[in-house]
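K.L.:
Got a structure for you, questions after.
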Amino acid sequence: MTSLTFEPATSDDFEPLLDLRLRTIRPHLERLGRYDPDRAREWFQRGFSPAHTRLILVDGARAGCVTLKAVPEGLEIEHFYLEPAFHNTGLGGRVLRLLLDEADAAGLPVILGVLKESPAARLYQRHGFVKSHEGPWDDYYRRAPGPARASR
């Protein structure tokens, strides 16, 4: 099994993570007729928070990123992107399980938004997320806190 660790992001990570975001989400935005690189940069720049962003490392090499931050409703997952080579390998589920273990230990629900018709929605549903509402471009999900689990 490969090692999975997190490392804090810094402001210097903005450009590489924007590149990862665009490579990951572009096909889905194009499907919806919503791909615009300038708008995508602006949107990511508005939401990029190095203090809440974790780099995902597999065997010490960067494999993606994820943001987990406190919000009034509990914890929010944003900017969860994996390098395409790691799609459909189980890595997303491993990362999500670690984040959910943190939320469960704190007794907090988790919320997130997913681009409409994104295959990522299936991952979240498998981990107990339920659609709470829809927006024009995104579907929003919530997961109630589960029992705290011992570290895996």
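By order of appearance in the structure tokens: chains A, B, ..., then residues from 1 within every chain, and ligands from 1 in the order shown.
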Would you pick out the contacts of region 87-98 of chain A at 12 Å or less, using only C-alpha atoms, so that residues sharing its chain but fewer than 6 positions from it are not included, and give the list as a VMD selection string?

P.N.:
chain A and resid 1 to 6 24 54 to 58 63 to 68 76 to 78 80 to 81 104 to 105 110 112 119 to 129 143 146 148 to 152

K.L.:
Please extract the residues of chain A with a backbone DSSP assignment of strand (DSSP E) and present them as number ranges by chain.

P.N.:
A: 4-8, 53-58, 61-71, 74-82, 110-115, 130-134, 138-143

K.L.:
Grab the residues selected above and save them as a short mmCIF file (atom, residue, chain, number, x, y, z; two decimals), in the first residue's frame with N, CA and C atoms.

P.N.:
data_model
loop_
_atom_site.label_atom_id
_atom_site.label_comp_id
_atom_site.auth_asym_id
_atom_site.auth_seq_id
_atom_site.Cartn_x
_atom_site.Cartn_y
_atom_site.Cartn_z
N LEU A 4 0.13 7.74 2.33
CA LEU A 4 -0.68 8.91 2.07
C LEU A 4 -0.46 9.87 3.22
N THR A 5 -0.01 11.08 2.89
CA THR A 5 0.19 12.11 3.91
C THR A 5 -0.32 13.44 3.38
N PHE A 6 -0.49 14.36 4.31
CA PHE A 6 -0.86 15.73 3.98
C PHE A 6 0.30 16.64 4.32
N GLU A 7 0.39 17.72 3.58
CA GLU A 7 1.38 18.77 3.85
C GLU A 7 0.65 20.10 3.69
N PRO A 8 0.93 21.07 4.55
CA PRO A 8 0.24 22.37 4.41
C PRO A 8 0.60 23.05 3.09
N THR A 53 -5.76 24.69 3.15
CA THR A 53 -5.52 23.76 2.04
C THR A 53 -4.39 22.80 2.39
N ARG A 54 -4.62 21.55 2.08
CA ARG A 54 -3.62 20.51 2.31
C ARG A 54 -3.19 19.95 0.96
N LEU A 55 -1.90 19.79 0.81
CA LEU A 55 -1.39 19.06 -0.35
C LEU A 55 -1.49 17.58 -0.01
N ILE A 56 -1.92 16.80 -0.97
CA ILE A 56 -2.03 15.35 -0.81
C ILE A 56 -0.78 14.74 -1.40
N LEU A 57 -0.04 14.01 -0.57
CA LEU A 57 1.20 13.38 -1.01
C LEU A 57 1.05 11.87 -0.99
N VAL A 58 1.49 11.23 -2.05
CA VAL A 58 1.53 9.78 -2.14
C VAL A 58 2.98 9.39 -2.30
N ALA A 61 5.25 12.31 -3.06
CA ALA A 61 5.06 13.12 -4.27
C ALA A 61 3.65 13.71 -4.28
N ARG A 62 3.53 14.94 -4.76
CA ARG A 62 2.24 15.61 -4.80
C ARG A 62 1.28 14.87 -5.73
N ALA A 63 0.11 14.55 -5.17
CA ALA A 63 -0.92 13.84 -5.93
C ALA A 63 -2.20 14.64 -6.02
N GLY A 64 -2.30 15.73 -5.27
CA GLY A 64 -3.52 16.52 -5.30
C GLY A 64 -3.58 17.51 -4.17
N CYS A 65 -4.80 18.00 -3.93
CA CYS A 65 -5.03 18.95 -2.84
C CYS A 65 -6.47 18.85 -2.38
N VAL A 66 -6.70 19.37 -1.18
CA VAL A 66 -8.05 19.45 -0.63
C VAL A 66 -8.08 20.55 0.42
N THR A 67 -9.20 21.23 0.49
CA THR A 67 -9.40 22.25 1.50
C THR A 67 -10.47 21.76 2.47
N LEU A 68 -10.20 21.91 3.76
CA LEU A 68 -11.16 21.58 4.81
C LEU A 68 -11.17 22.76 5.77
N LYS A 69 -12.34 23.40 5.90
CA LYS A 69 -12.39 24.58 6.76
C LYS A 69 -13.69 24.60 7.55
N ALA A 70 -13.61 25.26 8.70
CA ALA A 70 -14.78 25.42 9.55
C ALA A 70 -15.69 26.49 8.94
N VAL A 71 -16.97 26.19 8.93
CA VAL A 71 -18.02 27.12 8.49
C VAL A 71 -19.15 27.01 9.52
N GLY A 74 -20.63 23.52 10.00
CA GLY A 74 -19.76 22.42 10.40
C GLY A 74 -18.40 22.56 9.74
N LEU A 75 -18.05 21.61 8.89
CA LEU A 75 -16.82 21.66 8.11
C LEU A 75 -17.19 21.61 6.64
N GLU A 76 -16.41 22.31 5.82
CA GLU A 76 -16.66 22.32 4.38
C GLU A 76 -15.44 21.82 3.64
N ILE A 77 -15.68 20.90 2.71
CA ILE A 77 -14.63 20.42 1.81
C ILE A 77 -14.75 21.20 0.51
N GLU A 78 -13.63 21.73 0.07
CA GLU A 78 -13.56 22.44 -1.21
C GLU A 78 -12.27 22.03 -1.91
N HIS A 79 -12.19 22.37 -3.16
CA HIS A 79 -10.95 22.22 -3.95
C HIS A 79 -10.29 20.85 -3.73
N PHE A 80 -11.08 19.80 -3.90
CA PHE A 80 -10.56 18.44 -3.78
C PHE A 80 -10.24 17.96 -5.18
N TYR A 81 -8.97 18.04 -5.54
CA TYR A 81 -8.51 17.67 -6.88
C TYR A 81 -7.37 16.67 -6.77
N LEU A 82 -7.45 15.64 -7.58
CA LEU A 82 -6.38 14.64 -7.68
C LEU A 82 -5.82 14.66 -9.08
N VAL A 110 -20.36 17.62 7.59
CA VAL A 110 -19.50 18.08 6.50
C VAL A 110 -20.40 18.44 5.33
N ILE A 111 -20.09 19.57 4.71
CA ILE A 111 -20.83 20.01 3.53
C ILE A 111 -19.86 20.19 2.37
N LEU A 112 -20.41 20.15 1.16
CA LEU A 112 -19.59 20.40 -0.03
C LEU A 112 -20.49 20.62 -1.23
N GLY A 113 -19.91 21.19 -2.26
CA GLY A 113 -20.60 21.38 -3.53
C GLY A 113 -19.87 20.63 -4.61
N VAL A 114 -20.63 20.10 -5.56
CA VAL A 114 -20.06 19.32 -6.66
C VAL A 114 -20.69 19.83 -7.96
N LEU A 115 -19.85 20.04 -8.96
CA LEU A 115 -20.35 20.44 -10.26
C LEU A 115 -21.40 19.44 -10.75
N VAL A 130 -25.57 13.21 1.41
CA VAL A 130 -26.91 13.26 0.85
C VAL A 130 -27.10 14.65 0.24
N LYS A 131 -27.69 14.69 -0.95
CA LYS A 131 -27.92 15.98 -1.60
C LYS A 131 -28.86 16.81 -0.75
N SER A 132 -28.42 18.04 -0.47
CA SER A 132 -29.25 18.94 0.34
C SER A 132 -29.99 19.95 -0.52
N HIS A 133 -29.36 20.39 -1.59
CA HIS A 133 -30.02 21.34 -2.49
C HIS A 133 -29.21 21.47 -3.78
N GLU A 134 -29.79 22.17 -4.75
CA GLU A 134 -29.16 22.35 -6.04
C GLU A 134 -29.02 23.84 -6.34
N ASP A 138 -24.06 23.72 -9.58
CA ASP A 138 -23.55 22.76 -8.60
C ASP A 138 -24.69 22.09 -7.85
N ASP A 139 -24.41 20.88 -7.36
CA ASP A 139 -25.27 20.20 -6.42
C ASP A 139 -24.55 20.24 -5.08
N TYR A 140 -25.31 20.40 -3.99
CA TYR A 140 -24.73 20.55 -2.66
C TYR A 140 -25.11 19.36 -1.80
N TYR A 141 -24.13 18.89 -1.05
CA TYR A 141 -24.29 17.68 -0.25
C TYR A 141 -23.93 17.95 1.20
N ARG A 142 -24.52 17.12 2.07
CA ARG A 142 -24.24 17.20 3.50
C ARG A 142 -24.11 15.79 4.04
N ARG A 143 -23.21 15.65 4.98
CA ARG A 143 -23.04 14.38 5.68
C ARG A 143 -23.10 14.65 7.18
#

K.L.:
Hey, what's within 12 Å of Tyr35 (chain A) if we count only C-alpha atoms and toss same-chain stuff fewer than 2 positions away? As a list in words, please?

P.N.:
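Result of the neighbour search: Arg21, Leu22, Arg23, Thr24, Ile25, Arg26, Pro27, His28, Leu29, Glu30, Arg31, Leu32, Gly33, Pro37, Asp38, Arg39, Ala40, Arg41, Trp43 and Trp137 of chain A.
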
K.L.:
Would you write out those residues with C-alpha atoms, as a PDB file, in the first residue's frame?

P.N.:
ATOM      1  CA  ARG A  21      -7.825  22.260 -11.000  1.00  0.00           C
ATOM      2  CA  LEU A  22      -8.052  23.222 -14.671  1.00  0.00           C
ATOM      3  CA  ARG A  23      -6.722  19.877 -15.891  1.00  0.00           C
ATOM      4  CA  THR A  24      -9.124  18.029 -13.622  1.00  0.00           C
ATOM      5  CA  ILE A  25     -12.334  19.990 -14.046  1.00  0.00           C
ATOM      6  CA  ARG A  26     -12.043  21.366 -17.568  1.00  0.00           C
ATOM      7  CA  PRO A  27     -13.825  18.473 -19.324  1.00  0.00           C
ATOM      8  CA  HIS A  28     -16.751  18.768 -16.902  1.00  0.00           C
ATOM      9  CA  LEU A  29     -16.997  22.534 -17.313  1.00  0.00           C
ATOM     10  CA  GLU A  30     -16.826  22.170 -21.100  1.00  0.00           C
ATOM     11  CA  ARG A  31     -19.672  19.635 -20.948  1.00  0.00           C
ATOM     12  CA  LEU A  32     -21.788  22.311 -19.256  1.00  0.00           C
ATOM     13  CA  GLY A  33     -20.587  25.039 -21.620  1.00  0.00           C
ATOM     14  CA  PRO A  37      -9.909  29.986 -18.050  1.00  0.00           C
ATOM     15  CA  ASP A  38     -10.103  33.586 -16.814  1.00  0.00           C
ATOM     16  CA  ARG A  39     -13.273  32.932 -14.817  1.00  0.00           C
ATOM     17  CA  ALA A  40     -11.779  29.676 -13.497  1.00  0.00           C
ATOM     18  CA  ARG A  41      -8.663  31.531 -12.294  1.00  0.00           C
ATOM     19  CA  TRP A  43     -12.995  31.741  -8.921  1.00  0.00           C
ATOM     20  CA  TRP A 137     -24.181  24.781 -11.750  1.00  0.00           C
TER      21      TRP A 137
END

K.L.:
Can you check which residues of region 5-127 of chain A DSSP gives as alpha helix (DSSP H) on the backbone and send them as a compact mmCIF listing (two decimals) with N, CA and C atoms, in the first residue's frame?

P.N.:
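Result written to out.txt:
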# COMPACT_ATOMS: atom_id res chain seq x y z
N PHE A 14 -0.32 28.27 -5.31
CA PHE A 14 -1.50 28.70 -6.07
C PHE A 14 -1.42 28.27 -7.54
N GLU A 15 -0.38 28.64 -8.25
CA GLU A 15 -0.30 28.33 -9.69
C GLU A 15 -0.33 26.83 -9.97
N PRO A 16 0.49 26.01 -9.28
CA PRO A 16 0.41 24.57 -9.56
C PRO A 16 -0.96 23.97 -9.24
N LEU A 17 -1.61 24.47 -8.19
CA LEU A 17 -2.94 23.94 -7.85
C LEU A 17 -4.01 24.43 -8.81
N LEU A 18 -3.87 25.66 -9.29
CA LEU A 18 -4.79 26.14 -10.34
C LEU A 18 -4.64 25.27 -11.58
N ASP A 19 -3.41 24.97 -11.96
CA ASP A 19 -3.17 24.10 -13.12
C ASP A 19 -3.83 22.74 -12.91
N LEU A 20 -3.67 22.17 -11.71
CA LEU A 20 -4.30 20.89 -11.41
C LEU A 20 -5.82 21.00 -11.51
N ARG A 21 -6.37 22.06 -10.94
CA ARG A 21 -7.82 22.26 -11.00
C ARG A 21 -8.31 22.30 -12.44
N LEU A 22 -7.62 23.08 -13.27
CA LEU A 22 -8.05 23.22 -14.67
C LEU A 22 -7.94 21.90 -15.43
N ARG A 23 -6.86 21.17 -15.20
CA ARG A 23 -6.72 19.88 -15.89
C ARG A 23 -7.77 18.88 -15.44
N THR A 24 -8.17 18.99 -14.18
CA THR A 24 -9.12 18.03 -13.62
C THR A 24 -10.57 18.36 -14.00
N ILE A 25 -10.92 19.62 -13.92
CA ILE A 25 -12.33 19.99 -14.05
C ILE A 25 -12.72 20.49 -15.44
N ARG A 26 -11.74 20.80 -16.25
CA ARG A 26 -12.04 21.37 -17.57
C ARG A 26 -13.04 20.54 -18.38
N PRO A 27 -12.86 19.23 -18.51
CA PRO A 27 -13.83 18.47 -19.32
C PRO A 27 -15.26 18.59 -18.81
N HIS A 28 -15.41 18.68 -17.48
CA HIS A 28 -16.75 18.77 -16.90
C HIS A 28 -17.35 20.15 -17.12
N LEU A 29 -16.52 21.18 -17.03
CA LEU A 29 -17.00 22.53 -17.31
C LEU A 29 -17.35 22.69 -18.79
N GLU A 30 -16.53 22.10 -19.67
CA GLU A 30 -16.83 22.17 -21.10
C GLU A 30 -18.15 21.48 -21.41
N ARG A 31 -18.42 20.37 -20.75
CA ARG A 31 -19.67 19.64 -20.95
C ARG A 31 -20.87 20.52 -20.64
N PRO A 37 -11.09 30.01 -18.91
CA PRO A 37 -9.91 29.99 -18.05
C PRO A 37 -9.77 31.22 -17.17
N ASP A 38 -10.19 32.37 -17.64
CA ASP A 38 -10.10 33.59 -16.81
C ASP A 38 -11.07 33.51 -15.63
N ARG A 39 -12.30 33.08 -15.90
CA ARG A 39 -13.27 32.93 -14.82
C ARG A 39 -12.82 31.85 -13.84
N ALA A 40 -12.25 30.76 -14.35
CA ALA A 40 -11.78 29.68 -13.50
C ALA A 40 -10.65 30.16 -12.58
N ARG A 41 -9.75 30.97 -13.10
CA ARG A 41 -8.66 31.53 -12.29
C ARG A 41 -9.22 32.44 -11.21
N GLU A 42 -10.14 33.32 -11.59
CA GLU A 42 -10.72 34.26 -10.63
C GLU A 42 -11.46 33.52 -9.53
N TRP A 43 -12.23 32.51 -9.90
CA TRP A 43 -13.00 31.74 -8.92
C TRP A 43 -12.06 31.04 -7.95
N PHE A 44 -11.01 30.41 -8.46
CA PHE A 44 -10.07 29.69 -7.59
C PHE A 44 -9.32 30.68 -6.70
N GLN A 45 -8.94 31.81 -7.25
CA GLN A 45 -8.20 32.81 -6.49
C GLN A 45 -9.05 33.34 -5.32
N ARG A 46 -10.34 33.56 -5.55
CA ARG A 46 -11.24 34.03 -4.49
C ARG A 46 -11.34 33.01 -3.36
N GLY A 47 -11.32 31.74 -3.69
CA GLY A 47 -11.53 30.71 -2.68
C GLY A 47 -10.27 30.05 -2.16
N LEU A 91 -7.68 6.37 -4.17
CA LEU A 91 -7.03 7.43 -3.40
C LEU A 91 -8.04 8.45 -2.90
N GLY A 92 -8.99 8.85 -3.73
CA GLY A 92 -9.99 9.82 -3.31
C GLY A 92 -10.77 9.34 -2.09
N GLY A 93 -11.12 8.08 -2.07
CA GLY A 93 -11.83 7.50 -0.93
C GLY A 93 -10.96 7.49 0.32
N ARG A 94 -9.68 7.20 0.16
CA ARG A 94 -8.77 7.21 1.32
C ARG A 94 -8.65 8.61 1.90
N VAL A 95 -8.48 9.59 1.03
CA VAL A 95 -8.37 10.98 1.50
C VAL A 95 -9.67 11.39 2.18
N LEU A 96 -10.79 11.12 1.54
CA LEU A 96 -12.08 11.50 2.10
C LEU A 96 -12.31 10.84 3.46
N ARG A 97 -11.94 9.59 3.58
CA ARG A 97 -12.12 8.89 4.86
C ARG A 97 -11.33 9.58 5.98
N LEU A 98 -10.11 10.02 5.70
CA LEU A 98 -9.31 10.73 6.70
C LEU A 98 -10.00 12.03 7.12
N LEU A 99 -10.52 12.77 6.16
CA LEU A 99 -11.20 14.02 6.47
C LEU A 99 -12.47 13.76 7.28
N LEU A 100 -13.21 12.73 6.90
CA LEU A 100 -14.44 12.41 7.62
C LEU A 100 -14.15 11.90 9.02
N ASP A 101 -13.05 11.20 9.21
CA ASP A 101 -12.65 10.77 10.55
C ASP A 101 -12.40 11.99 11.44
N GLU A 102 -11.79 13.04 10.88
CA GLU A 102 -11.56 14.27 11.64
C GLU A 102 -12.90 14.91 12.03
N ALA A 103 -13.80 14.98 11.06
CA ALA A 103 -15.11 15.58 11.32
C ALA A 103 -15.87 14.77 12.38
N ASP A 104 -15.83 13.45 12.26
CA ASP A 104 -16.53 12.60 13.21
C ASP A 104 -15.95 12.75 14.62
N ALA A 105 -14.63 12.85 14.71
CA ALA A 105 -13.99 13.02 16.02
C ALA A 105 -14.43 14.34 16.66
N ALA A 106 -14.69 15.35 15.84
CA ALA A 106 -15.14 16.65 16.34
C ALA A 106 -16.67 16.71 16.46
N ALA A 120 -17.61 12.73 -9.42
CA ALA A 120 -17.20 12.80 -8.02
C ALA A 120 -18.38 12.66 -7.07
N ALA A 121 -19.58 12.99 -7.53
CA ALA A 121 -20.76 12.88 -6.67
C ALA A 121 -20.93 11.45 -6.16
N ARG A 122 -20.61 10.47 -6.97
CA ARG A 122 -20.75 9.06 -6.55
C ARG A 122 -19.84 8.76 -5.37
N LEU A 123 -18.63 9.31 -5.38
CA LEU A 123 -17.69 9.11 -4.27
C LEU A 123 -18.32 9.63 -2.97
N TYR A 124 -18.85 10.83 -3.02
CA TYR A 124 -19.43 11.42 -1.82
C TYR A 124 -20.65 10.64 -1.35
N GLN A 125 -21.48 10.21 -2.27
CA GLN A 125 -22.66 9.44 -1.89
C GLN A 125 -22.26 8.12 -1.23
N ARG A 126 -21.21 7.48 -1.73
CA ARG A 126 -20.72 6.23 -1.12
C ARG A 126 -20.26 6.45 0.32

K.L.:
Can you measure CA of Asp13 (chain A) to CA of Gly60 (chain A) for me? One decimal in Å is fine.

P.N.:
16.0 Å

K.L.:
Find the distance between CA of Arg34 (chain A) and CA of Phe86 (chain A) and write it in Å to one decimal.

P.N.:
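Spanning CA of Arg34 (chain A) to CA of Phe86 (chain A) is a straight-line distance of 24.6 Å.
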
K.L.:
Between CA of Pro136 (chain A) and CA of Ser49 (chain A), what distance in Å does the model show, to one decimal?

P.N.:
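Interatomic distance here is 24.4 Å.
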